[in-house]
$ cat coords_21.cif   # mmCIF, N, CA and C atoms
data_final
loop_
_atom_site.group_PDB
_atom_site.id
_atom_site.type_symbol
_atom_site.label_atom_id
_atom_site.label_comp_id
_atom_site.auth_asym_id
_atom_site.auth_seq_id
_atom_site.Cartn_x
_atom_site.Cartn_y
_atom_site.Cartn_z
ATOM 1 N N MET A 1 137.267 -22.680 174.779
ATOM 2 C CA MET A 1 137.458 -22.798 176.200
ATOM 3 C C MET A 1 136.560 -23.905 176.726
ATOM 4 N N LYS A 2 137.021 -24.550 177.791
ATOM 5 C CA LYS A 2 136.263 -25.660 178.374
ATOM 6 C C LYS A 2 135.926 -25.345 179.826
ATOM 7 N N PHE A 3 134.748 -25.829 180.222
ATOM 8 C CA PHE A 3 134.281 -25.638 181.590
ATOM 9 C C PHE A 3 133.707 -26.939 182.126
ATOM 10 N N HIS A 4 133.847 -27.142 183.414
ATOM 11 C CA HIS A 4 133.141 -28.207 184.115
ATOM 12 C C HIS A 4 131.919 -27.547 184.755
ATOM 13 N N VAL A 5 130.738 -28.086 184.465
ATOM 14 C CA VAL A 5 129.482 -27.537 184.976
ATOM 15 C C VAL A 5 128.840 -28.625 185.838
ATOM 16 N N GLU A 6 129.083 -28.556 187.132
ATOM 17 C CA GLU A 6 128.732 -29.638 188.057
ATOM 18 C C GLU A 6 127.257 -30.051 187.979
ATOM 19 N N ASN A 7 126.347 -29.114 187.909
ATOM 20 C CA ASN A 7 124.924 -29.474 187.971
ATOM 21 C C ASN A 7 124.255 -29.573 186.601
ATOM 22 N N MET A 8 125.037 -29.773 185.535
ATOM 23 C CA MET A 8 124.479 -29.986 184.198
ATOM 24 C C MET A 8 124.340 -31.494 183.987
ATOM 25 N N THR A 9 123.128 -32.004 184.171
ATOM 26 C CA THR A 9 122.945 -33.459 184.184
ATOM 27 C C THR A 9 122.002 -34.001 183.110
ATOM 28 N N CYS A 10 121.335 -33.122 182.350
ATOM 29 C CA CYS A 10 120.344 -33.624 181.391
ATOM 30 C C CYS A 10 120.232 -32.692 180.187
ATOM 31 N N GLY A 11 119.410 -33.099 179.243
ATOM 32 C CA GLY A 11 119.204 -32.301 178.038
ATOM 33 C C GLY A 11 118.616 -30.936 178.324
ATOM 34 N N SER A 12 117.743 -30.853 179.306
ATOM 35 C CA SER A 12 117.161 -29.567 179.677
ATOM 36 C C SER A 12 118.249 -28.631 180.200
ATOM 37 N N CYS A 13 119.162 -29.179 180.992
ATOM 38 C CA CYS A 13 120.281 -28.379 181.496
ATOM 39 C C CYS A 13 121.119 -27.854 180.328
ATOM 40 N N VAL A 14 121.363 -28.721 179.349
ATOM 41 C CA VAL A 14 122.161 -28.320 178.181
ATOM 42 C C VAL A 14 121.478 -27.162 177.457
ATOM 43 N N ARG A 15 120.167 -27.214 177.321
ATOM 44 C CA ARG A 15 119.442 -26.112 176.662
ATOM 45 C C ARG A 15 119.619 -24.813 177.447
ATOM 46 N N HIS A 16 119.517 -24.875 178.771
ATOM 47 C CA HIS A 16 119.690 -23.680 179.593
ATOM 48 C C HIS A 16 121.111 -23.137 179.495
ATOM 49 N N VAL A 17 122.078 -24.028 179.549
ATOM 50 C CA VAL A 17 123.481 -23.622 179.442
ATOM 51 C C VAL A 17 123.735 -22.981 178.075
ATOM 52 N N THR A 18 123.190 -23.577 177.022
ATOM 53 C CA THR A 18 123.354 -23.038 175.671
ATOM 54 C C THR A 18 122.740 -21.643 175.575
ATOM 55 N N GLN A 19 121.569 -21.456 176.151
ATOM 56 C CA GLN A 19 120.915 -20.142 176.136
ATOM 57 C C GLN A 19 121.719 -19.120 176.925
ATOM 58 N N ALA A 20 122.299 -19.524 178.047
ATOM 59 C CA ALA A 20 123.110 -18.609 178.853
ATOM 60 C C ALA A 20 124.335 -18.150 178.067
ATOM 61 N N VAL A 21 124.991 -19.089 177.390
ATOM 62 C CA VAL A 21 126.164 -18.728 176.580
ATOM 63 C C VAL A 21 125.744 -17.815 175.434
ATOM 64 N N ALA A 22 124.622 -18.125 174.794
ATOM 65 C CA ALA A 22 124.128 -17.310 173.679
ATOM 66 C C ALA A 22 123.761 -15.901 174.117
ATOM 67 N N SER A 23 123.402 -15.727 175.386
ATOM 68 C CA SER A 23 123.076 -14.376 175.861
ATOM 69 C C SER A 23 124.316 -13.485 175.890
ATOM 70 N N VAL A 24 125.489 -14.098 175.973
ATOM 71 C CA VAL A 24 126.751 -13.349 175.944
ATOM 72 C C VAL A 24 127.239 -13.209 174.508
ATOM 73 N N ASP A 25 127.165 -14.295 173.741
ATOM 74 C CA ASP A 25 127.629 -14.305 172.354
ATOM 75 C C ASP A 25 126.693 -15.172 171.525
ATOM 76 N N PRO A 26 125.768 -14.551 170.803
ATOM 77 C CA PRO A 26 124.812 -15.321 169.997
ATOM 78 C C PRO A 26 125.475 -16.180 168.918
ATOM 79 N N GLN A 27 126.709 -15.860 168.544
ATOM 80 C CA GLN A 27 127.414 -16.612 167.511
ATOM 81 C C GLN A 27 128.242 -17.764 168.089
ATOM 82 N N ALA A 28 128.260 -17.914 169.396
ATOM 83 C CA ALA A 28 129.066 -18.956 170.050
ATOM 84 C C ALA A 28 128.554 -20.343 169.673
ATOM 85 N N THR A 29 129.466 -21.283 169.607
ATOM 86 C CA THR A 29 129.084 -22.681 169.438
ATOM 87 C C THR A 29 129.455 -23.421 170.719
ATOM 88 N N LEU A 30 128.654 -24.417 171.042
ATOM 89 C CA LEU A 30 128.833 -25.119 172.302
ATOM 90 C C LEU A 30 128.651 -26.609 172.086
ATOM 91 N N GLU A 31 129.568 -27.385 172.648
ATOM 92 C CA GLU A 31 129.433 -28.837 172.684
ATOM 93 C C GLU A 31 129.339 -29.220 174.154
ATOM 94 N N ALA A 32 128.337 -30.007 174.492
ATOM 95 C CA ALA A 32 128.113 -30.384 175.888
ATOM 96 C C ALA A 32 128.163 -31.895 176.049
ATOM 97 N N ASP A 33 128.691 -32.331 177.189
ATOM 98 C CA ASP A 33 128.723 -33.743 177.550
ATOM 99 C C ASP A 33 128.173 -33.858 178.964
ATOM 100 N N THR A 34 126.946 -34.384 179.076
ATOM 101 C CA THR A 34 126.314 -34.474 180.392
ATOM 102 C C THR A 34 126.945 -35.563 181.265
ATOM 103 N N VAL A 35 127.589 -36.545 180.660
ATOM 104 C CA VAL A 35 128.226 -37.610 181.435
ATOM 105 C C VAL A 35 129.422 -37.050 182.208
ATOM 106 N N SER A 36 130.279 -36.302 181.503
ATOM 107 C CA SER A 36 131.443 -35.711 182.175
ATOM 108 C C SER A 36 131.131 -34.326 182.741
ATOM 109 N N ARG A 37 129.922 -33.827 182.413
ATOM 110 C CA ARG A 37 129.479 -32.502 182.864
ATOM 111 C C ARG A 37 130.435 -31.398 182.420
ATOM 112 N N THR A 38 130.791 -31.459 181.141
ATOM 113 C CA THR A 38 131.691 -30.456 180.580
ATOM 114 C C THR A 38 131.056 -29.809 179.359
ATOM 115 N N ILE A 39 131.483 -28.582 179.116
ATOM 116 C CA ILE A 39 131.114 -27.895 177.884
ATOM 117 C C ILE A 39 132.385 -27.359 177.241
ATOM 118 N N SER A 40 132.360 -27.320 175.937
ATOM 119 C CA SER A 40 133.428 -26.732 175.145
ATOM 120 C C SER A 40 132.782 -25.602 174.356
ATOM 121 N N VAL A 41 133.271 -24.395 174.553
ATOM 122 C CA VAL A 41 132.644 -23.221 173.949
ATOM 123 C C VAL A 41 133.634 -22.539 173.002
ATOM 124 N N THR A 42 133.177 -22.280 171.789
ATOM 125 C CA THR A 42 133.950 -21.489 170.843
ATOM 126 C C THR A 42 133.273 -20.128 170.767
ATOM 127 N N THR A 43 133.985 -19.107 171.233
ATOM 128 C CA THR A 43 133.395 -17.780 171.340
ATOM 129 C C THR A 43 134.470 -16.708 171.332
ATOM 130 N N GLY A 44 134.071 -15.513 171.005
ATOM 131 C CA GLY A 44 134.960 -14.361 171.107
ATOM 132 C C GLY A 44 134.860 -13.696 172.472
ATOM 133 N N ALA A 45 133.900 -14.119 173.276
ATOM 134 C CA ALA A 45 133.715 -13.548 174.622
ATOM 135 C C ALA A 45 134.768 -14.105 175.566
ATOM 136 N N ASP A 46 134.998 -13.389 176.658
ATOM 137 C CA ASP A 46 135.974 -13.892 177.618
ATOM 138 C C ASP A 46 135.325 -14.883 178.590
ATOM 139 N N ALA A 47 136.173 -15.690 179.200
ATOM 140 C CA ALA A 47 135.705 -16.754 180.088
ATOM 141 C C ALA A 47 134.898 -16.207 181.261
ATOM 142 N N ALA A 48 135.291 -15.071 181.797
ATOM 143 C CA ALA A 48 134.576 -14.492 182.945
ATOM 144 C C ALA A 48 133.132 -14.154 182.578
ATOM 145 N N ALA A 49 132.917 -13.639 181.380
ATOM 146 C CA ALA A 49 131.559 -13.298 180.938
ATOM 147 C C ALA A 49 130.703 -14.551 180.794
ATOM 148 N N ILE A 50 131.297 -15.623 180.272
ATOM 149 C CA ILE A 50 130.577 -16.885 180.131
ATOM 150 C C ILE A 50 130.245 -17.446 181.517
ATOM 151 N N GLN A 51 131.226 -17.446 182.413
ATOM 152 C CA GLN A 51 130.986 -17.947 183.771
ATOM 153 C C GLN A 51 129.887 -17.162 184.470
ATOM 154 N N LYS A 52 129.870 -15.846 184.312
ATOM 155 C CA LYS A 52 128.846 -15.016 184.949
ATOM 156 C C LYS A 52 127.460 -15.347 184.401
ATOM 157 N N ALA A 53 127.350 -15.477 183.082
ATOM 158 C CA ALA A 53 126.051 -15.806 182.475
ATOM 159 C C ALA A 53 125.561 -17.159 182.970
ATOM 160 N N LEU A 54 126.461 -18.124 183.068
ATOM 161 C CA LEU A 54 126.076 -19.438 183.570
ATOM 162 C C LEU A 54 125.658 -19.359 185.034
ATOM 163 N N ALA A 55 126.415 -18.639 185.841
ATOM 164 C CA ALA A 55 126.086 -18.489 187.264
ATOM 165 C C ALA A 55 124.747 -17.786 187.441
ATOM 166 N N ASP A 56 124.490 -16.769 186.621
ATOM 167 C CA ASP A 56 123.214 -16.057 186.693
ATOM 168 C C ASP A 56 122.034 -16.984 186.404
ATOM 169 N N ASP A 57 122.294 -18.056 185.642
ATOM 170 C CA ASP A 57 121.251 -19.022 185.305
ATOM 171 C C ASP A 57 121.273 -20.235 186.241
ATOM 172 N N GLY A 58 122.132 -20.190 187.270
ATOM 173 C CA GLY A 58 122.152 -21.252 188.268
ATOM 174 C C GLY A 58 123.156 -22.363 188.018
ATOM 175 N N TYR A 59 124.077 -22.158 187.086
ATOM 176 C CA TYR A 59 125.060 -23.172 186.753
ATOM 177 C C TYR A 59 126.463 -22.681 187.083
ATOM 178 N N VAL A 60 127.057 -23.278 188.106
ATOM 179 C CA VAL A 60 128.409 -22.911 188.491
ATOM 180 C C VAL A 60 129.374 -23.643 187.572
ATOM 181 N N ALA A 61 130.198 -22.879 186.879
ATOM 182 C CA ALA A 61 131.159 -23.458 185.925
ATOM 183 C C ALA A 61 132.567 -23.058 186.333
ATOM 184 N N ARG A 62 133.474 -24.026 186.194
ATOM 185 C CA ARG A 62 134.874 -23.695 186.439
ATOM 186 C C ARG A 62 135.681 -24.112 185.218
ATOM 187 N N PRO A 63 136.634 -23.268 184.820
ATOM 188 C CA PRO A 63 137.457 -23.592 183.653
ATOM 189 C C PRO A 63 138.263 -24.864 183.877
ATOM 190 N N ILE A 64 138.434 -25.608 182.813
ATOM 191 C CA ILE A 64 139.306 -26.799 182.875
ATOM 192 C C ILE A 64 140.297 -26.757 181.738
#

$ encode --input "coords_21.cif" --output "C-alpha coordinates"
Amino acid sequence: MKFHVENMTCGSCVRHVTQAVASVDPQATLEADTVSRTISVTTGADAAAIQKALADDGYVARPI
(Lines of atoms letter the chains of each structure in order from A and count residues from 1; the text may use other names and numbers.)
(Lines give C-alpha, C1' and ligand atoms only; values in the text may rest on other atoms or scores of the structure.)
Protein backbone atom coordinates (compact mmCIF):
# COMPACT_ATOMS: atom_id res chain seq x y z
CA MET A 1 0.00 0.00 0.00
CA LYS A 2 1.13 3.55 -0.70
CA PHE A 3 0.58 6.73 1.26
CA HIS A 4 1.32 10.40 0.77
CA VAL A 5 2.75 11.80 4.02
CA GLU A 6 2.68 15.59 3.64
CA ASN A 7 5.01 16.51 6.52
CA MET A 8 7.65 13.80 5.93
CA THR A 9 10.54 15.95 4.74
CA CYS A 10 13.79 14.48 6.11
CA GLY A 11 15.61 11.39 7.31
CA SER A 12 14.46 11.95 10.87
CA CYS A 13 10.85 11.97 9.66
CA VAL A 14 11.48 8.69 7.81
CA ARG A 15 12.78 7.11 11.04
CA HIS A 16 9.66 8.23 12.92
CA VAL A 17 7.35 7.01 10.17
CA THR A 18 9.19 3.66 10.07
CA GLN A 19 8.84 3.29 13.85
CA ALA A 20 5.12 4.13 13.68
CA VAL A 21 4.54 1.47 11.02
CA ALA A 22 6.62 -1.04 13.01
CA SER A 23 4.44 -0.42 16.06
CA VAL A 24 1.54 -1.90 14.07
CA ASP A 25 3.50 -4.62 12.24
CA PRO A 26 7.12 -5.25 13.27
CA GLN A 27 7.59 -7.38 10.13
CA ALA A 28 6.47 -4.59 7.75
CA THR A 29 8.87 -3.24 5.17
CA LEU A 30 8.80 0.39 4.17
CA GLU A 31 10.29 2.39 1.31
CA ALA A 32 10.20 6.16 1.74
CA ASP A 33 10.77 9.02 -0.69
CA THR A 34 11.11 12.40 1.02
CA VAL A 35 11.09 14.28 -2.30
CA SER A 36 7.62 13.03 -3.28
CA ARG A 37 6.68 12.55 0.40
CA THR A 38 5.43 9.03 -0.21
CA ILE A 39 5.85 5.71 1.51
CA SER A 40 5.27 2.23 0.17
CA VAL A 41 4.47 -0.28 2.89
CA THR A 42 4.41 -4.06 2.62
CA THR A 43 2.42 -5.34 5.56
CA GLY A 44 -0.33 -7.68 6.66
CA ALA A 45 -1.95 -4.85 8.65
CA ASP A 46 -4.81 -2.86 7.22
CA ALA A 47 -4.42 0.67 5.89
CA ALA A 48 -6.55 2.20 8.66
CA ALA A 49 -4.23 0.81 11.35
CA ILE A 50 -1.18 2.22 9.56
CA GLN A 51 -2.86 5.61 9.11
CA LYS A 52 -3.81 5.72 12.81
CA ALA A 53 -0.27 4.87 13.95
CA LEU A 54 1.14 7.58 11.68
CA ALA A 55 -1.44 10.13 12.87
CA ASP A 56 -0.69 9.26 16.50
CA ASP A 57 2.94 10.15 15.75
CA GLY A 58 1.99 13.44 14.06
CA TYR A 59 2.09 12.33 10.43
CA VAL A 60 -1.10 12.68 8.42
CA ALA A 61 -1.09 10.08 5.65
CA ARG A 62 -3.55 9.57 2.86
CA PRO A 63 -3.67 6.51 0.61
CA ILE A 64 -2.61 6.95 -2.99

$ closest_residue --input "coords_21.cif" --among "A:His16, A:Gln27, A:Cys10, A:Val21" --to "Gln51 of chain A" --atoms "all atoms listed in the file"
A:Val21

$ residues_around --input "coords_21.cif" --residues "segment 29-38 of chain A" --least-positions-apart "2" --cutoff "7 Å" --atoms "all atoms listed in the file" --output "MDAnalysis selection string"
chainID A and resid 2:10 14 18 25:27 40:43

$ select_by_dssp --input "coords_21.cif" --residues "segment 27-61 of chain A" --states "helix (DSSP H, G or I)" --output "list of chain:residue names"
A:Ala47, A:Ala48, A:Ala49, A:Ile50, A:Gln51, A:Lys52, A:Ala53, A:Leu54, A:Ala55, A:Asp56

$ atom_distance --input "coords_21.cif" --atom1 "atom CA of Ile50 of chain A" --atom2 "atom C of Val24 of chain A"
7.5 Å

$ atom_distance --input "coords_21.cif" --atom1 "atom N of Lys52 of chain A" --atom2 "atom C of Met1 of chain A"
12.9 Å

$ residues_around --input "coords_21.cif" --residues "Ala53 of chain A" --least-positions-apart "3" --cutoff "9 Å" --atoms "only C-alpha atoms" --output "ChimeraX atom specification"
/A:17,20-21,23-24,48-50,56-59

$ axis_aligned_box --input "coords_21.cif" --around "segment 20-27 of chain A" --padding-each-side "3 Å" --output "lines of an AutoDock Vina configuration file"
center_x = 125.3
center_y = -16.4
center_z = 173.2
size_x = 11.9
size_y = 12.3
size_z = 17.3

$ select_by_dssp --input "coords_21.cif" --residues "chain A" --states "strand (DSSP E)" --output "list in words"
Lys2, Phe3, His4, Val5, Thr29, Leu30, Glu31, Ala32, Asp33, Thr38, Ile39, Ser40, Val41, Thr42, Ala61, Arg62 and Pro63 of chain A

$ atom_distance --input "coords_21.cif" --atom1 "atom N of Ser12 of chain A" --atom2 "atom C of Asp46 of chain A"
23.8 Å

$ decode --input "coords_21.cif" --residues "segment 33-55 of chain A" --atoms "N, CA, C and O atoms" --output "short mmCIF file (atom, residue, chain, number, x, y, z; two decimals), in the first residue's frame"
data_model
loop_
_atom_site.label_atom_id
_atom_site.label_comp_id
_atom_site.auth_asym_id
_atom_site.auth_seq_id
_atom_site.Cartn_x
_atom_site.Cartn_y
_atom_site.Cartn_z
N ASP A 33 10.20 8.03 0.22
CA ASP A 33 10.77 9.02 -0.69
C ASP A 33 10.40 10.40 -0.14
O ASP A 33 9.24 10.80 -0.22
N THR A 34 11.39 11.10 0.42
CA THR A 34 11.11 12.40 1.02
C THR A 34 10.84 13.48 -0.03
O THR A 34 10.18 14.46 0.27
N VAL A 35 11.32 13.29 -1.24
CA VAL A 35 11.09 14.28 -2.30
C VAL A 35 9.61 14.29 -2.68
O VAL A 35 8.97 15.35 -2.73
N SER A 36 9.05 13.10 -2.92
CA SER A 36 7.62 13.03 -3.28
C SER A 36 6.73 12.89 -2.04
O SER A 36 5.52 12.92 -2.15
N ARG A 37 7.39 12.72 -0.88
CA ARG A 37 6.68 12.55 0.40
C ARG A 37 5.71 11.37 0.37
O ARG A 37 4.57 11.46 0.78
N THR A 38 6.23 10.25 -0.13
CA THR A 38 5.43 9.03 -0.21
C THR A 38 6.13 7.89 0.50
O THR A 38 7.37 7.87 0.62
N ILE A 39 5.32 6.96 0.97
CA ILE A 39 5.85 5.71 1.51
C ILE A 39 5.12 4.56 0.83
O ILE A 39 3.95 4.66 0.47
N SER A 40 5.83 3.47 0.68
CA SER A 40 5.27 2.23 0.17
C SER A 40 5.48 1.20 1.27
O SER A 40 6.62 0.99 1.70
N VAL A 41 4.40 0.63 1.75
CA VAL A 41 4.47 -0.28 2.89
C VAL A 41 4.00 -1.67 2.48
O VAL A 41 2.93 -1.81 1.88
N THR A 42 4.81 -2.67 2.80
CA THR A 42 4.41 -4.06 2.62
C THR A 42 4.11 -4.61 4.00
O THR A 42 5.01 -4.68 4.84
N THR A 43 2.85 -4.93 4.23
CA THR A 43 2.42 -5.34 5.56
C THR A 43 1.16 -6.18 5.49
O THR A 43 0.42 -6.11 4.51
N GLY A 44 0.92 -6.94 6.53
CA GLY A 44 -0.33 -7.68 6.66
C GLY A 44 -1.39 -6.86 7.38
O GLY A 44 -2.55 -7.25 7.44
N ALA A 45 -1.00 -5.72 7.92
CA ALA A 45 -1.95 -4.85 8.65
C ALA A 45 -2.81 -4.09 7.65
O ALA A 45 -2.45 -3.92 6.48
N ASP A 46 -3.96 -3.62 8.12
CA ASP A 46 -4.81 -2.86 7.22
C ASP A 46 -4.40 -1.38 7.19
O ASP A 46 -3.71 -0.88 8.08
N ALA A 47 -4.81 -0.72 6.12
CA ALA A 47 -4.42 0.67 5.89
C ALA A 47 -4.87 1.59 7.03
O ALA A 47 -4.14 2.50 7.41
N ALA A 48 -6.04 1.35 7.58
CA ALA A 48 -6.55 2.20 8.66
C ALA A 48 -5.64 2.14 9.88
O ALA A 48 -5.40 3.16 10.54
N ALA A 49 -5.13 0.96 10.20
CA ALA A 49 -4.23 0.81 11.35
C ALA A 49 -2.93 1.56 11.12
O ALA A 49 -2.40 2.21 12.04
N ILE A 50 -2.41 1.50 9.90
CA ILE A 50 -1.18 2.22 9.56
C ILE A 50 -1.43 3.72 9.64
O ILE A 50 -0.64 4.47 10.25
N GLN A 51 -2.53 4.18 9.06
CA GLN A 51 -2.86 5.61 9.11
C GLN A 51 -3.00 6.10 10.55
O GLN A 51 -2.53 7.19 10.89
N LYS A 52 -3.63 5.32 11.41
CA LYS A 52 -3.81 5.72 12.81
C LYS A 52 -2.46 5.83 13.52
O LYS A 52 -2.21 6.79 14.24
N ALA A 53 -1.59 4.84 13.31
CA ALA A 53 -0.27 4.87 13.95
C ALA A 53 0.52 6.09 13.48
O ALA A 53 1.18 6.76 14.29
N LEU A 54 0.44 6.40 12.20
CA LEU A 54 1.14 7.58 11.68
C LEU A 54 0.54 8.85 12.26
O LEU A 54 1.28 9.76 12.69
N ALA A 55 -0.77 8.94 12.31
CA ALA A 55 -1.44 10.13 12.87
C ALA A 55 -1.09 10.30 14.34
O ALA A 55 -0.86 11.42 14.80
#
